[in-house]
>>> print(open('model_39.txt').read())   # compact mmCIF, C-alpha atoms
# COMPACT_ATOMS: atom_id res chain seq x y z
CA MET A 286 6.53 -26.71 25.64
CA PRO A 287 4.65 -29.93 24.85
CA ALA A 288 6.33 -32.09 22.18
CA PRO A 289 5.11 -30.96 18.71
CA THR A 290 4.97 -34.54 17.40
CA ALA A 291 2.80 -35.63 20.36
CA ILE A 292 0.38 -32.76 19.65
CA THR A 293 0.30 -33.56 15.93
CA ARG A 294 -0.48 -37.19 16.80
CA ALA A 295 -3.15 -36.26 19.36
CA THR A 296 -4.81 -33.81 16.94
CA LEU A 297 -4.70 -36.31 14.07
CA LEU A 298 -6.24 -39.06 16.22
CA LYS A 299 -8.90 -36.62 17.44
CA ASP A 300 -9.78 -35.69 13.83
CA LEU A 301 -9.93 -39.34 12.76
CA ARG A 302 -12.20 -40.07 15.72
CA LEU A 303 -14.48 -37.13 14.87
CA GLU A 304 -14.65 -38.20 11.22
CA TRP A 305 -15.33 -41.83 12.19
CA ARG A 306 -18.27 -40.66 14.30
CA SER A 307 -19.72 -38.02 11.96
CA LYS A 308 -18.55 -39.35 8.55
CA ASP A 309 -19.12 -35.80 7.27
CA ALA A 310 -16.20 -35.66 4.85
CA ILE A 311 -15.87 -39.23 3.63
CA ASN A 312 -19.55 -39.70 2.74
CA SER A 313 -19.71 -36.46 0.76
CA MET A 314 -16.46 -37.21 -1.05
CA LEU A 315 -17.51 -40.76 -1.95
CA PHE A 316 -20.90 -39.69 -3.21
CA PHE A 317 -19.42 -36.90 -5.31
CA SER A 318 -16.70 -39.09 -6.86
CA LEU A 319 -19.17 -41.86 -7.59
CA LEU A 320 -21.35 -39.40 -9.44
CA VAL A 321 -18.40 -38.19 -11.52
CA VAL A 322 -17.39 -41.74 -12.47
CA VAL A 323 -20.92 -42.77 -13.43
CA VAL A 324 -21.85 -39.57 -15.26
CA PHE A 325 -18.62 -39.50 -17.27
CA SER A 326 -18.87 -43.19 -18.14
CA PHE A 327 -22.38 -42.62 -19.53
CA SER A 328 -21.36 -39.41 -21.32
CA PHE A 329 -18.42 -40.94 -23.18
CA ASP A 330 -17.96 -44.39 -24.56
CA PRO A 331 -14.22 -44.48 -25.11
CA SER A 332 -12.17 -47.34 -26.51
CA ALA A 333 -9.45 -48.85 -24.31
CA GLU A 334 -6.84 -46.65 -25.99
CA GLU A 335 -8.93 -43.49 -25.59
CA SER A 336 -9.56 -44.37 -21.95
CA ARG A 337 -5.85 -44.45 -21.27
CA GLN A 338 -5.53 -41.00 -22.86
CA ILE A 339 -8.30 -39.32 -20.85
CA ALA A 340 -8.39 -41.30 -17.58
CA GLY A 341 -5.57 -39.32 -15.94
CA GLY A 342 -7.48 -36.08 -16.37
CA LEU A 343 -10.82 -37.56 -15.30
CA ILE A 344 -9.44 -39.26 -12.19
CA TRP A 345 -7.58 -36.25 -10.89
CA VAL A 346 -10.35 -33.78 -11.62
CA ALA A 347 -12.77 -36.05 -9.70
CA PHE A 348 -10.37 -36.36 -6.77
CA LEU A 349 -9.60 -32.62 -6.78
CA PHE A 350 -13.27 -31.62 -6.52
CA ALA A 351 -13.97 -34.34 -3.97
CA ALA A 352 -10.96 -33.24 -1.90
CA VAL A 353 -12.41 -29.73 -1.64
CA VAL A 354 -15.34 -31.20 0.28
CA ALA A 355 -12.98 -32.74 2.86
CA LEU A 356 -10.87 -29.60 3.02
CA ASN A 357 -13.88 -27.44 3.84
CA GLN A 358 -14.90 -29.86 6.59
CA THR A 359 -11.43 -29.83 8.17
CA TRP A 360 -11.78 -26.37 9.61
CA ALA A 361 -15.56 -26.26 9.82
CA ARG A 362 -15.47 -28.58 12.83
CA GLU A 363 -12.95 -26.27 14.51
CA LEU A 364 -15.28 -23.30 14.03
CA ARG A 365 -18.26 -25.00 15.70
CA ASN A 366 -18.25 -23.84 19.32
CA GLN A 367 -15.12 -21.80 18.44
CA VAL A 368 -12.90 -24.73 19.46
CA LEU A 369 -10.05 -23.24 17.48
CA ASP A 370 -9.74 -20.53 20.16
CA ALA A 371 -8.99 -23.24 22.75
CA TYR A 372 -6.04 -24.29 20.59
CA ARG A 373 -4.91 -20.70 20.07
CA VAL A 374 -4.72 -19.95 23.81
CA SER A 375 -2.76 -23.15 24.50
CA PRO A 376 1.04 -23.46 24.27
CA ALA A 377 0.69 -25.95 21.38
CA PRO A 378 2.61 -24.88 18.25
CA ALA A 379 0.57 -23.80 15.22
CA ASN A 380 2.50 -26.08 12.86
CA SER A 381 1.47 -29.18 14.83
CA LEU A 382 -2.14 -28.31 14.11
CA PHE A 383 -1.39 -27.68 10.44
CA LEU A 384 0.49 -30.96 9.99
CA ALA A 385 -2.23 -32.93 11.79
CA LYS A 386 -4.91 -31.38 9.57
CA ALA A 387 -2.89 -31.97 6.39
CA LEU A 388 -2.16 -35.59 7.39
CA GLY A 389 -5.82 -36.14 8.25
CA ASN A 390 -6.89 -34.84 4.85
CA PHE A 391 -4.20 -36.97 3.20
CA ILE A 392 -5.70 -40.05 4.88
CA PHE A 393 -9.29 -39.12 3.95
CA VAL A 394 -8.43 -38.44 0.28
CA SER A 395 -6.22 -41.58 0.11
CA VAL A 396 -9.11 -43.70 1.41
CA LEU A 397 -11.32 -42.14 -1.25
CA GLU A 398 -8.73 -42.90 -3.93
CA ALA A 399 -8.35 -46.49 -2.74
CA LEU A 400 -12.11 -46.99 -2.94
CA MET A 401 -12.68 -45.18 -6.23
CA THR A 402 -9.70 -46.39 -8.28
CA PRO A 403 -11.09 -49.93 -8.77
CA LEU A 404 -14.33 -48.34 -10.01
CA PHE A 405 -12.42 -46.15 -12.46
CA ILE A 406 -10.54 -49.23 -13.71
CA ALA A 407 -13.78 -51.17 -14.14
CA PHE A 408 -15.82 -48.39 -15.79
CA TYR A 409 -13.05 -47.31 -18.17
CA ARG A 410 -11.48 -50.76 -18.73
CA LEU A 411 -8.07 -49.38 -17.76
CA ARG A 412 -4.82 -51.31 -18.01
CA ALA A 413 -1.48 -49.58 -17.62
CA ILE A 414 1.06 -50.20 -20.37
CA GLY A 415 3.85 -48.39 -18.48
CA PRO A 416 5.16 -49.30 -14.98
CA ALA A 417 1.94 -49.36 -12.90
CA TRP A 418 3.76 -49.15 -9.55
CA GLN A 419 4.70 -45.57 -10.42
CA LEU A 420 1.00 -44.70 -10.21
CA LEU A 421 1.25 -45.23 -6.46
CA ILE A 422 4.06 -42.65 -6.21
CA VAL A 423 2.12 -40.19 -8.38
CA ALA A 424 -1.00 -40.73 -6.26
CA MET A 425 0.85 -40.11 -3.00
CA LEU A 426 2.74 -37.04 -4.23
CA GLY A 427 -0.32 -35.65 -6.02
CA THR A 428 -2.59 -36.17 -3.03
CA TRP A 429 -0.12 -34.44 -0.72
CA ALA A 430 0.13 -31.54 -3.21
CA LEU A 431 -3.65 -31.12 -3.09
CA VAL A 432 -4.09 -31.44 0.66
CA VAL A 433 -1.13 -29.37 1.83
CA ASN A 434 -2.23 -26.33 -0.15
CA GLY A 435 -5.88 -27.12 0.42
CA THR A 436 -5.46 -27.27 4.19
CA PHE A 437 -3.58 -23.99 4.15
CA PHE A 438 -6.04 -22.12 1.93
CA ALA A 439 -9.02 -23.58 3.78
CA ALA A 440 -7.55 -22.07 6.95
CA MET A 441 -6.99 -18.79 5.14
CA SER A 442 -10.60 -18.62 3.96
CA LEU A 443 -11.93 -19.57 7.42
CA ARG A 444 -12.97 -16.07 8.35
CA THR A 445 -14.35 -15.09 4.96
CA ARG A 446 -18.09 -15.03 4.38
CA SER A 447 -18.22 -17.41 1.39
CA ARG A 448 -15.45 -19.78 2.36
CA GLU A 449 -16.86 -22.70 0.31
CA ILE A 450 -16.40 -20.57 -2.80
CA MET A 451 -13.16 -18.92 -1.67
CA LEU A 452 -11.33 -22.22 -1.21
CA PRO A 453 -11.54 -23.42 -4.85
CA LEU A 454 -10.86 -19.87 -6.05
CA LEU A 455 -7.61 -19.79 -4.07
CA LEU A 456 -6.66 -23.46 -4.39
CA PHE A 457 -7.23 -24.29 -8.04
CA PRO A 458 -4.99 -21.65 -9.67
CA ILE A 459 -2.07 -22.43 -7.37
CA SER A 460 -2.56 -26.16 -7.91
CA VAL A 461 -2.29 -25.92 -11.72
CA PRO A 462 1.38 -27.05 -11.89
CA ALA A 463 0.64 -29.99 -9.58
CA ILE A 464 -2.52 -30.99 -11.47
CA LEU A 465 -0.65 -30.78 -14.77
CA ALA A 466 2.12 -32.99 -13.37
CA MET A 467 -0.37 -35.51 -11.90
CA VAL A 468 -2.38 -35.78 -15.12
CA GLN A 469 0.66 -35.98 -17.38
CA ALA A 470 2.41 -38.52 -15.16
CA THR A 471 -0.72 -40.70 -14.94
CA THR A 472 -1.30 -40.54 -18.70
CA ALA A 473 2.37 -41.32 -19.37
CA ILE A 474 2.19 -44.42 -17.16
CA LEU A 475 -1.15 -45.60 -18.54
CA THR A 476 -0.17 -45.19 -22.21
CA GLY A 477 3.47 -46.16 -21.75
CA GLU A 478 4.38 -43.69 -24.50
CA THR A 479 6.75 -41.48 -22.49
CA GLY A 480 8.43 -41.70 -19.11
CA ALA A 481 6.80 -40.09 -16.05
CA ARG A 482 10.10 -39.23 -14.38
CA PHE A 483 10.06 -35.51 -15.22
CA TRP A 484 6.52 -35.08 -13.88
CA ILE A 485 7.31 -37.01 -10.71
CA VAL A 486 10.34 -34.80 -10.05
CA LEU A 487 8.13 -31.76 -10.64
CA LEU A 488 5.62 -33.10 -8.10
CA VAL A 489 8.37 -33.72 -5.52
CA THR A 490 9.65 -30.16 -6.01
CA TYR A 491 6.15 -28.72 -5.81
CA ASP A 492 5.45 -30.65 -2.59
CA LEU A 493 8.70 -29.51 -0.98
CA VAL A 494 8.23 -25.85 -1.90
CA PHE A 495 4.61 -25.61 -0.81
CA THR A 496 4.94 -27.71 2.35
CA THR A 497 7.78 -25.45 3.49
CA SER A 498 5.89 -22.27 2.57
CA CYS A 499 2.71 -23.40 4.33
CA LEU A 500 4.63 -24.34 7.48
CA LEU A 501 6.38 -20.97 7.51
CA LEU A 502 3.17 -18.99 7.04
CA PHE A 503 0.58 -20.98 8.98
CA GLU A 504 1.07 -19.35 12.37
CA THR A 505 0.29 -15.95 10.83
CA VAL A 506 -2.83 -17.35 9.18
CA LEU A 507 -3.99 -19.05 12.39
CA ASN A 508 -3.68 -15.88 14.46
CA ALA A 509 -5.10 -13.52 11.84
CA GLU A 510 -8.23 -11.68 13.02
CA MET B 190 -18.11 -10.68 51.92
CA PRO B 191 -15.38 -12.23 49.80
CA ALA B 192 -13.06 -14.55 51.65
CA ASN B 193 -9.62 -13.13 52.25
CA GLY B 194 -7.34 -15.63 50.57
CA PRO B 195 -3.67 -15.25 49.80
CA ALA B 196 -4.34 -12.13 47.72
CA ASP B 197 -1.28 -10.53 46.24
CA THR B 198 -1.35 -6.73 46.09
CA ALA B 199 1.20 -6.57 43.26
CA PRO B 200 -0.56 -6.24 39.89
CA VAL B 201 -0.61 -9.47 37.90
CA ILE B 202 -2.24 -7.77 34.94
CA THR B 203 -1.47 -4.26 33.73
CA VAL B 204 -3.35 -2.75 30.83
CA SER B 205 -2.22 0.61 29.51
CA SER B 206 -3.93 2.83 26.92
CA LEU B 207 -5.46 -0.24 25.30
CA VAL B 208 -7.26 0.44 22.05
CA LYS B 209 -8.89 -2.21 19.90
CA GLN B 210 -10.54 -1.26 16.64
CA PHE B 211 -12.54 -3.46 14.31
CA GLY B 212 -12.49 -1.46 11.11
CA ARG B 213 -13.78 1.97 12.08
CA PHE B 214 -15.46 0.72 15.25
CA ALA B 215 -13.43 1.13 18.43
CA ALA B 216 -14.38 -1.67 20.83
CA LEU B 217 -11.82 -0.54 23.42
CA ARG B 218 -10.97 3.15 23.73
CA GLY B 219 -7.83 3.62 25.77
CA VAL B 220 -8.40 1.22 28.66
CA SER B 221 -5.82 1.54 31.45
CA ALA B 222 -6.00 -0.50 34.66
CA GLU B 223 -4.06 -2.66 37.07
CA PHE B 224 -5.39 -5.87 38.57
CA SER B 225 -3.94 -7.53 41.66
CA GLY B 226 -3.44 -11.25 42.14
CA GLY B 227 -5.75 -13.52 44.14
CA LYS B 228 -8.92 -11.57 43.45
CA LEU B 229 -12.20 -12.22 41.75
CA TYR B 230 -13.18 -9.43 39.38
CA ALA B 231 -16.65 -9.14 37.89
CA VAL B 232 -16.62 -7.23 34.62
CA LEU B 233 -20.00 -5.60 34.02
CA GLY B 234 -21.56 -3.44 31.35
CA ASP B 235 -24.18 -3.33 28.63
CA ASN B 236 -23.88 -5.23 25.36
CA GLY B 237 -21.17 -3.63 23.23
CA ALA B 238 -19.42 -2.08 26.23
CA GLY B 239 -16.19 -3.91 25.33
CA LYS B 240 -16.18 -6.62 28.05
CA THR B 241 -15.64 -9.58 25.75
CA THR B 242 -13.11 -7.69 23.64
CA LEU B 243 -11.14 -6.85 26.79
CA LEU B 244 -11.22 -10.49 27.87
CA ARG B 245 -10.20 -11.77 24.42
CA THR B 246 -7.37 -9.25 24.32
CA LEU B 247 -6.16 -10.44 27.73
CA ALA B 248 -6.38 -14.03 26.38
CA GLY B 249 -4.18 -13.14 23.41
CA LEU B 250 -6.99 -13.82 20.93
CA ASN B 251 -7.28 -10.18 19.85
CA GLN B 252 -4.21 -8.15 19.08
CA PRO B 253 -4.44 -4.60 20.45
CA THR B 254 -4.56 -1.83 17.85
CA SER B 255 -2.45 0.19 20.27
CA GLY B 256 -1.54 0.09 23.93
CA GLN B 257 -0.07 -2.71 25.96
CA VAL B 258 -1.12 -5.70 28.04
CA THR B 259 1.31 -7.14 30.57
CA ILE B 260 0.37 -10.38 32.30
CA LEU B 261 2.61 -11.81 35.02
CA GLY B 262 5.37 -9.53 33.77
CA ALA B 263 5.21 -10.74 30.18
CA SER B 264 4.01 -8.66 27.26
CA LYS B 265 3.78 -11.63 24.89
CA PHE B 266 0.80 -13.85 25.67
CA HIS B 267 2.58 -16.95 24.38
CA ASP B 268 5.17 -16.64 27.18
CA ILE B 269 2.53 -17.03 29.89
CA CYS B 270 -0.22 -18.95 28.11
CA ARG B 271 0.27 -21.93 30.45
CA GLN B 272 -0.72 -19.68 33.35
CA VAL B 273 -4.01 -18.60 31.80
CA GLY B 274 -7.32 -20.44 31.53
CA TYR B 275 -9.94 -19.12 29.12
CA MET B 276 -13.63 -19.89 28.94
CA ALA B 277 -15.61 -18.31 26.12
CA HIS B 278 -19.31 -17.85 25.58
CA PRO B 279 -19.37 -20.84 23.19
CA SER B 280 -18.26 -24.08 24.82
CA LEU B 281 -14.89 -24.52 23.03
CA LEU B 282 -15.60 -28.25 23.09
CA TYR B 283 -16.14 -30.86 20.37
CA ASP B 284 -19.80 -31.88 20.38
CA GLU B 285 -19.08 -35.38 19.03
CA MET B 286 -16.72 -36.35 21.87
CA SER B 287 -17.43 -37.05 25.54
CA GLY B 288 -16.29 -34.61 28.22
CA MET B 289 -13.40 -36.86 29.21
CA GLU B 290 -12.29 -37.29 25.57
CA ASN B 291 -12.40 -33.53 25.08
CA LEU B 292 -10.34 -32.84 28.18
CA ALA B 293 -7.86 -35.62 27.39
CA TYR B 294 -7.22 -33.94 24.04
CA PHE B 295 -6.82 -30.44 25.51
CA ALA B 296 -4.58 -31.84 28.26
CA ARG B 297 -2.21 -33.03 25.52
CA LEU B 298 -1.96 -29.47 24.21
CA TYR B 299 -0.59 -28.44 27.62
CA GLY B 300 1.70 -31.47 27.85
CA ILE B 301 -0.43 -33.02 30.61
CA ALA B 302 -0.22 -36.76 30.09
CA ASP B 303 -1.82 -37.69 33.41
CA GLY B 304 -5.45 -38.69 32.79
CA SER B 305 -6.30 -38.36 36.48
CA ARG B 306 -6.02 -34.56 36.17
CA CYS B 307 -8.90 -34.56 33.65
CA ALA B 308 -11.08 -36.67 35.96
CA GLU B 309 -10.17 -34.39 38.88
CA VAL B 310 -11.28 -31.16 37.17
CA ILE B 311 -14.45 -32.78 35.83
CA ARG B 312 -15.34 -33.83 39.38
CA SER B 313 -14.47 -30.35 40.68
CA VAL B 314 -17.22 -28.83 38.51
CA GLY B 315 -19.73 -31.42 39.70
CA LEU B 316 -19.79 -33.69 36.65
CA ASP B 317 -19.08 -37.39 36.27
CA PRO B 318 -15.84 -38.15 34.36
CA ASP B 319 -17.27 -41.55 33.32
CA LEU B 320 -20.18 -39.96 31.49
CA ALA B 321 -19.83 -41.44 27.98
CA ARG B 322 -22.43 -39.20 26.35
CA PRO B 323 -21.04 -36.79 23.73
CA VAL B 324 -20.93 -33.15 24.82
CA GLY B 325 -23.44 -32.30 22.08
CA GLN B 326 -26.07 -34.17 24.10
CA TYR B 327 -25.30 -32.33 27.35
CA SER B 328 -27.70 -29.78 28.77
CA GLN B 329 -26.54 -26.14 28.49
CA GLY B 330 -25.64 -26.10 32.18
CA MET B 331 -23.54 -29.25 31.90
CA ARG B 332 -21.81 -27.84 28.84
CA GLN B 333 -20.96 -24.64 30.69
CA ARG B 334 -19.53 -26.62 33.60
CA MET B 335 -17.49 -28.84 31.27
CA SER B 336 -16.25 -25.69 29.58
CA LEU B 337 -15.15 -24.37 32.98
CA ALA B 338 -13.41 -27.69 33.63
CA ARG B 339 -11.49 -27.23 30.37
CA ALA B 340 -10.41 -23.75 31.48
CA LEU B 341 -9.22 -25.14 34.82
CA LEU B 342 -7.36 -28.07 33.26
CA ASN B 343 -3.88 -26.50 33.24
CA ASP B 344 -4.24 -25.21 36.82
CA PRO B 345 -3.95 -21.59 35.64
CA LYS B 346 -2.97 -18.64 37.81
CA ILE B 347 -5.37 -16.42 35.88
CA LEU B 348 -8.86 -17.43 34.81
CA LEU B 349 -10.72 -15.46 32.13
CA LEU B 350 -14.39 -16.40 31.99
CA ASP B 351 -16.86 -14.98 29.49
CA GLU B 352 -20.50 -15.36 30.53
CA PRO B 353 -20.02 -18.58 32.52
CA PHE B 354 -23.54 -18.45 33.98
CA SER B 355 -25.55 -17.81 30.81
CA ASN B 356 -28.34 -20.37 30.36
CA VAL B 357 -27.33 -22.06 33.61
CA ASP B 358 -30.00 -22.72 36.25
CA ILE B 359 -29.67 -20.85 39.54
CA HIS B 360 -28.45 -23.90 41.54
CA SER B 361 -25.71 -24.75 39.03
CA ALA B 362 -24.75 -21.08 38.80
CA THR B 363 -24.48 -20.84 42.59
CA ASP B 364 -22.31 -23.98 42.62
CA MET B 365 -20.08 -22.42 39.96
CA VAL B 366 -19.75 -19.21 42.00
CA ARG B 367 -18.72 -21.26 45.06
CA LEU B 368 -16.12 -23.08 42.96
CA LEU B 369 -14.80 -19.76 41.64
CA ALA B 370 -14.60 -18.34 45.17
CA ARG B 371 -12.65 -21.43 46.31
CA THR B 372 -10.35 -21.10 43.30
CA ARG B 373 -9.78 -17.40 44.13
CA ASP B 374 -9.02 -18.37 47.74
CA GLN B 375 -6.22 -20.58 46.40
CA GLY B 376 -4.55 -17.41 45.11
CA LYS B 377 -5.83 -17.40 41.54
CA THR B 378 -6.97 -14.23 39.80
CA ILE B 379 -10.36 -14.55 38.14
CA PHE B 380 -12.13 -12.30 35.65
CA VAL B 381 -15.80 -12.99 35.08
CA VAL B 382 -17.64 -11.15 32.34
CA THR B 383 -21.30 -11.42 33.16
CA HIS B 384 -24.74 -9.88 32.89
CA GLN B 385 -25.77 -11.69 36.09
CA ALA B 386 -23.80 -9.57 38.52
CA GLN B 387 -26.06 -10.37 41.47
CA LEU B 388 -24.75 -13.96 41.40
CA LEU B 389 -21.31 -12.62 42.29
CA ALA B 390 -22.54 -10.13 44.87
CA GLY B 391 -21.11 -12.04 47.81
CA ALA B 392 -18.09 -13.46 46.05
CA ALA B 393 -16.48 -10.81 43.86
CA ASP B 394 -13.75 -8.63 45.31
CA GLU B 395 -14.28 -5.87 42.80
CA PHE B 396 -16.78 -4.90 40.12
CA ILE B 397 -15.32 -3.39 36.97
CA TRP B 398 -17.85 -1.22 35.15
CA MET B 399 -17.43 -0.80 31.41
CA GLN B 400 -19.21 1.54 29.06
CA ALA B 401 -18.50 2.42 25.42
CA GLY B 402 -15.12 0.68 25.38
CA GLN B 403 -13.82 2.21 28.58
CA ILE B 404 -13.61 1.31 32.26
CA VAL B 405 -15.84 3.90 33.88
CA GLY B 406 -15.56 2.75 37.46
CA ARG B 407 -14.40 0.12 39.95
CA THR B 408 -16.50 -0.61 43.00
CA HIS B 409 -16.53 -3.10 45.85
CA ASP B 410 -20.27 -3.55 45.72
CA LEU B 411 -22.95 -3.70 43.06
CA LYS B 412 -23.81 -0.03 43.24
CA PRO B 413 -22.88 1.51 39.88
CA PRO B 414 -20.33 4.34 40.03
CA GLU B 415 -21.51 7.94 39.75
CA GLY B 416 -22.27 9.14 36.25
CA THR B 417 -22.92 5.73 34.69
CA ASN B 418 -26.24 4.62 33.25
>>> encode(input="model_39.txt", output="structure tokens")
Amino acid sequence: MPAPTAITRATLLKDLRLEWRSKDAINSMLFFSLLVVVVFSFSFDPSAEESRQIAGGLIWVAFLFAAVVALNQTWARELRNQVLDAYRVSPAPANSLFLAKALGNFIFVSVLEALMTPLFIAFYRLRAIGPAWQLLIVAMLGTWALVVNGTFFAAMSLRTRSREIMLPLLLFPISVPAILAMVQATTAILTGETGARFWIVLLVTYDLVFTTSCLLLFETVLNAE
Amino acid sequence: MPANGPADTAPVITVSSLVKQFGRFAALRGVSAEFSGGKLYAVLGDNGAGKTTLLRTLAGLNQPTSGQVTILGASKFHDICRQVGYMAHPSLLYDEMSGMENLAYFARLYGIADGSRCAEVIRSVGLDPDLARPVGQYSQGMRQRMSLARALLNDPKILLLDEPFSNVDIHSATDMVRLLARTRDQGKTIFVVTHQAQLLAGAADEFIWMQAGQIVGRTHDLKPPEGTN
């Protein structure tokens, strides 16, 4: 049996290489997020205090919708030429594929966040009153929450006819606790009114539960006909 | 006449009462057969006869609705997946990567770290391992040959090939048949699902005739068995 970590690494590098060459996911995500930032900034004209109250919701909703674009792309490239079948007939473990895909999506969405956050700060004149470093923890935990479930449900909706519609239908309801925690934690840090500790613990728990569940169930999803 | 290689008379694949249903449609209707090692089998039949479904079931990609498949003594495909090479009708390759990059990735899935193996199989199908062009820019014939190279990568004992000659010019197809005959002569068992049976007329050891989800005959030449249309 080939080492699972080596296969995860090889699959991740292959996906990064494919994305670098095609730029399918990152271009669509960037364009979509940019539109959200610009449209919202023209629609509202909030004061600095109001910005801190609403920015958490705006940022995460923008990233959530943009992430769906990347998540759909993840498996779409495995369906072209039925390449996924080549993986299925190999001795490589299913979970290595899942982890590589989830890590790849984590990188894509993190790059998007790194590029878009300065724009959000500029357009909404944001300045955190609470401990700003905690935003990094919330971003990492929140992004993982989105991509781990997103990767799993994107794989589940692979063989459905309207998979672009199926993915948000499956992903958004199950992501509600994570989105709530991300938005509340971000707002708490930006306004400095309450601590974000409870929401961060909730995110950690959510990530642990869903990462474990996805890893346990992915082989069944991969081999479903 | 097919060359007489180190053929093994013991069955390497046994299929018993194999049924595969997709909803209410039965693609395989109680297929039972034994296949010996070191032979080249051509699986023939009209569209919808169940050829591809049989091949995908042998490759572990379709789970039988009922019945059993035993390959090299194992009933679970995962136990013997290293011994099987599978080539599908689509290329099973990433269009954005070169042939060598594709094979290097698939080699990793089999724990093959030696890059020279990838170059060796690419050369064996008549392609240049240094070709930097992405597979998406290959001609159909080149893509089919690269796909065959991918199936040969893990040096499998059993090769399952679905339509390897489709859209391939006659010279390339003849080269592929010669390669398959050589591979068979090394003791490998090869299944070729094809609509171009005449290409395998001098090379195949046996022709398996399928109709309506069943094997209706096995012959040593291209003459269809009695009672088939």
>>> closest_atom_pairs(input="model_39.txt", of="chain B", to="chain A", cutoff="6 Å", atoms="all atoms listed in the file", output="CSV")
residue,atom,partner,partner_atom,distance
B:Pro279,CA,A:Asn366,CA,5.0
B:Ser280,CA,A:Asn366,CA,5.5
B:Leu281,CA,A:Val368,CA,4.1
B:Leu282,CA,A:Val368,CA,5.7
B:Leu298,CA,A:Ala377,CA,5.2
B:Gly300,CA,A:Pro287,CA,4.5
>>> residues_around(input="model_39.txt", residues="Gln272 in chain B", least_positions_apart="3", cutoff="9 Å", atoms="only C-alpha atoms", output="ChimeraX atom specification")
/B:261,269,343-348
>>> residues_near_point(input="model_39.txt", point="(-11.8, -32.5, -2.5)", cutoff="10 Å", atoms="all atoms listed in the file", output="PDB file with C-alpha atoms, keeping the file's coordinate frame")
ATOM      1  CA  ALA A 310     -16.200 -35.660   4.850  1.00  0.00           C
ATOM      2  CA  ILE A 311     -15.870 -39.230   3.630  1.00  0.00           C
ATOM      3  CA  SER A 313     -19.710 -36.460   0.760  1.00  0.00           C
ATOM      4  CA  MET A 314     -16.460 -37.210  -1.050  1.00  0.00           C
ATOM      5  CA  PHE A 317     -19.420 -36.900  -5.310  1.00  0.00           C
ATOM      6  CA  SER A 318     -16.700 -39.090  -6.860  1.00  0.00           C
ATOM      7  CA  VAL A 346     -10.350 -33.780 -11.620  1.00  0.00           C
ATOM      8  CA  ALA A 347     -12.770 -36.050  -9.700  1.00  0.00           C
ATOM      9  CA  PHE A 348     -10.370 -36.360  -6.770  1.00  0.00           C
ATOM     10  CA  LEU A 349      -9.600 -32.620  -6.780  1.00  0.00           C
ATOM     11  CA  PHE A 350     -13.270 -31.620  -6.520  1.00  0.00           C
ATOM     12  CA  ALA A 351     -13.970 -34.340  -3.970  1.00  0.00           C
ATOM     13  CA  ALA A 352     -10.960 -33.240  -1.900  1.00  0.00           C
ATOM     14  CA  VAL A 353     -12.410 -29.730  -1.640  1.00  0.00           C
ATOM     15  CA  VAL A 354     -15.340 -31.200   0.280  1.00  0.00           C
ATOM     16  CA  ALA A 355     -12.980 -32.740   2.860  1.00  0.00           C
ATOM     17  CA  LEU A 356     -10.870 -29.600   3.020  1.00  0.00           C
ATOM     18  CA  ASN A 357     -13.880 -27.440   3.840  1.00  0.00           C
ATOM     19  CA  GLN A 358     -14.900 -29.860   6.590  1.00  0.00           C
ATOM     20  CA  ASN A 390      -6.890 -34.840   4.850  1.00  0.00           C
ATOM     21  CA  PHE A 393      -9.290 -39.120   3.950  1.00  0.00           C
ATOM     22  CA  VAL A 394      -8.430 -38.440   0.280  1.00  0.00           C
ATOM     23  CA  LEU A 397     -11.320 -42.140  -1.250  1.00  0.00           C
ATOM     24  CA  THR A 428      -2.590 -36.170  -3.030  1.00  0.00           C
ATOM     25  CA  LEU A 431      -3.650 -31.120  -3.090  1.00  0.00           C
ATOM     26  CA  VAL A 432      -4.090 -31.440   0.660  1.00  0.00           C
ATOM     27  CA  GLY A 435      -5.880 -27.120   0.420  1.00  0.00           C
ATOM     28  CA  PRO A 453     -11.540 -23.420  -4.850  1.00  0.00           C
TER      29      PRO A 453
END
>>> residues_around(input="model_39.txt", residues="Glu223 in chain B", least_positions_apart="3", cutoff="6 Å", atoms="all atoms listed in the file", output="MDAnalysis selection string")
chainID B and resid 200 202:203
>>> atom_distance(input="model_39.txt", atom1="CA of Gly389 in chain A", atom2="CA of Ala302 in chain B")
22.6 Å
>>> closest_residue(input="model_39.txt", among="A:Ala466, A:Leu315, A:Val433, A:Leu420", to="Val396 in chain A", atoms="all atoms listed in the file")
A:Leu315
>>> residues_around(input="model_39.txt", residues="range 283-292 of chain B", least_positions_apart="2", cutoff="6 Å", atoms="all atoms listed in the file", output="NGL selection string")
:B and (294-296 or 307 or 318 or 321-325)
>>> closest_residue(input="model_39.txt", among="A:Asp309, A:Asp300, A:Glu478, A:Asp492", to="Lys386 in chain A", atoms="only C-alpha atoms")
A:Asp300
>>> closest_residue(input="model_39.txt", among="A:Leu475, A:Val423, A:Leu411, A:Leu384", to="Leu488 in chain A", atoms="all atoms listed in the file")
A:Val423
>>> residues_around(input="model_39.txt", residues="Tyr491 in chain A", least_positions_apart="5", cutoff="12 Å", atoms="all atoms listed in the file", output="list of chain:residue names")
A:Leu426, A:Gly427, A:Thr428, A:Trp429, A:Ala430, A:Leu431, A:Val433, A:Asn434, A:Ile459, A:Ser460, A:Val461, A:Pro462, A:Ala463, A:Ile464, A:Leu465, A:Ala466, A:Met467, A:Trp484, A:Ile485, A:Val486, A:Thr496, A:Thr497, A:Ser498, A:Cys499
>>> residues_around(input="model_39.txt", residues="range 387-389 of chain B", least_positions_apart="3", cutoff="10 Å", atoms="only C-alpha atoms", output="list in words")
Pro191, Leu229, Tyr230, Ala231, Phe354, Ile359, Ala362, Thr363, Met365, Val366, Arg367, Leu369, Ala370, Val381, Thr383, His384, Ala392, Ala393, Asp394, Glu395, Phe396, Asp410 and Leu411 of chain B
